[in-house]
Amino acid sequence: MEKHSGKNGNKYNMKTLIIGNEGYVGPHVVNRIKQYHSDCWIAGFDIGYFAHTITAQEFPELNIDVQYRGDVRNFPENLLKEFDSVIYLAAISNDPMGKEFEQVTYDVNHYSAILIAKAAKKVGVNHFVYASSCSVYGSADDKPRTENSDLNPLTAYAISKVSTEKALEPLAANNFIVTCLRFATACGFSPRLRLDLVLNDFVASALAVGKIEILSDGTPWRPLIHVQDMGCAIDWAINRGHDNAANFLVVNTGSNNWNYQIKDLALAVKDQFTSIDLSINEDAEPDKRSYQVDFSLFKKLAPDYAPRIDLEEAVKDISKGLKAIGFNDSNFRQSNLMRLNVLHAHIKNDRLNNKLEWQG
């Protein structure tokens, strides 16, 4: 592989572009790649919605070699030249945002991803990694779903992921390896923390409020994965060869040990805190988004990259991180640690329009 000159004149064996790097997952992907591949040059491309929501003592992009700012809906295709791999993390990233900004969700999560993948293939990029989601299974809690199971996406977010997977498949070739990682629900502390994720929410509530309230009946199933393990999986995907799997691969990414009902997650948090209350609305209608997932294929293909962090460690990690930043906000669901709140603030202050485009 051709070596590329770095900003200090060093030689690099690989150049990677992370699209959507200034979010919850991006900093862990950068840290993972830099830690294990010192010869990798990394560029980031991000629109910057959440760039200011830093929950770390150091700026998360210190390990990035160059940072580009822009909108994937108007992506400069010439930027792709000379990159060996492209990681597509950009997304309107949860169901509440997808419901309110449905068209933007399709434009960012699907249409832009496909256009960029086509351009990447054209200029000679070797690997394209797409961050998909196990939410594509929707309502499926009778047995763990494999990659060949029927899909039942229930939200705009999940539908956008299914559509993108299908559109990426015909692009794959011997010189363009495409990997769609169907991630379990993310959790864990991050330099750009999100508290609109179930386990993160429970730990924050235990710390700041002293109680956990489950608004549903607690029975829905969710598979989880720690954000650090997501970084490991992406590292595997940008380096996998033809002998590891097909040119196009969709793989459930998580651990069979991490299929939990919502109430079990709450109980695991309660076990690590003293004197907190737990309430479950047992009379509530069950959440239709309930699915168990079989992650055997990922463990088979990438045994050295399989998730290492378990539920107990994850709870401790979130708690430790929140304590380190002095977290004690009992109204955190109205804070900028909830992604939808950040978008609303941008719109209210005329920084973004209703299409989530920067103004001025």
# chains A, B, ... in the order shown; residues from 1 in each chain; ligands from 1
call {"tool": "residues_around", "arguments": {"residues": "Leu195 (chain A)", "least_positions_apart": "4", "cutoff": "7 Å", "atoms": "only C-alpha atoms", "output": "number ranges by chain"}}
result
A: 200-201, 337-338
call {"tool": "write_last_selection", "arguments": {"atoms": "all heavy atoms", "output": "CSV table (one decimal), in the first residue's frame"}}
result
chain,number,residue,atom,x,y,z
A,200,ASN,N,-27.2,4.8,30.1
A,200,ASN,CA,-26.6,6.1,30.5
A,200,ASN,C,-27.6,6.9,31.3
A,200,ASN,O,-27.3,7.5,32.3
A,200,ASN,CB,-26.1,6.9,29.3
A,200,ASN,CG,-25.0,6.2,28.6
A,200,ASN,OD1,-24.6,5.1,28.9
A,200,ASN,ND2,-24.5,6.8,27.5
A,201,ASP,N,-28.9,6.9,30.9
A,201,ASP,CA,-30.0,7.6,31.5
A,201,ASP,C,-30.2,7.0,32.9
A,201,ASP,O,-30.3,7.8,33.9
A,201,ASP,CB,-31.2,7.4,30.7
A,201,ASP,CG,-32.5,8.1,31.4
A,201,ASP,OD1,-33.0,7.5,32.4
A,201,ASP,OD2,-32.9,9.1,30.9
A,337,LEU,N,-27.1,17.4,27.2
A,337,LEU,CA,-26.6,16.0,27.1
A,337,LEU,C,-27.7,15.1,26.5
A,337,LEU,O,-27.5,13.9,26.3
A,337,LEU,CB,-26.3,15.4,28.5
A,337,LEU,CG,-25.1,16.1,29.2
A,337,LEU,CD1,-24.9,15.6,30.6
A,337,LEU,CD2,-23.8,16.0,28.4
A,338,MET,N,-28.8,15.7,26.1
A,338,MET,CA,-29.8,15.0,25.3
A,338,MET,C,-29.8,15.6,23.9
A,338,MET,O,-29.9,16.8,23.7
A,338,MET,CB,-31.2,15.2,25.9
A,338,MET,CG,-31.3,15.0,27.4
A,338,MET,SD,-31.1,13.2,27.8
A,338,MET,CE,-32.7,12.6,27.3
call {"tool": "residues_around", "arguments": {"residues": "Glu147 (chain A)", "least_positions_apart": "3", "cutoff": "9 Å", "atoms": "only C-alpha atoms", "output": "list in words"}}
result
Asp150, Arg182, Val250, Val251, Asn252, Val293, Asp294, Phe295 and Leu297 of chain A
call {"tool": "closest_residue", "arguments": {"among": "A:Ala158, A:Ile309, A:Val198, A:Leu249", "to": "Gln261 (chain A)", "atoms": "only C-alpha atoms"}}
result
A:Val198
call {"tool": "closest_residue", "arguments": {"among": "A:Phe327, A:Tyr157, A:Tyr260, A:Phe248", "to": "Val129 (chain A)", "atoms": "only C-alpha atoms"}}
result
A:Phe248
call {"tool": "atom_distance", "arguments": {"atom1": "CA of Ser93 (chain A)", "atom2": "CA of Phe50 (chain A)"}}
result
11.9 Å
call {"tool": "atom_distance", "arguments": {"atom1": "CA of Asn74 (chain A)", "atom2": "CA of Ala120 (chain A)"}}
result
14.6 Å
call {"tool": "closest_residue", "arguments": {"among": "A:Glu313, A:Asp350, A:Glu357, A:Asp196", "to": "Pro96 (chain A)", "atoms": "only C-alpha atoms"}}
result
A:Asp196
call {"tool": "closest_residue", "arguments": {"among": "A:Ser290, A:Ile234, A:Leu343, A:Tyr24", "to": "Asn152 (chain A)", "atoms": "only C-alpha atoms"}}
result
A:Ser290
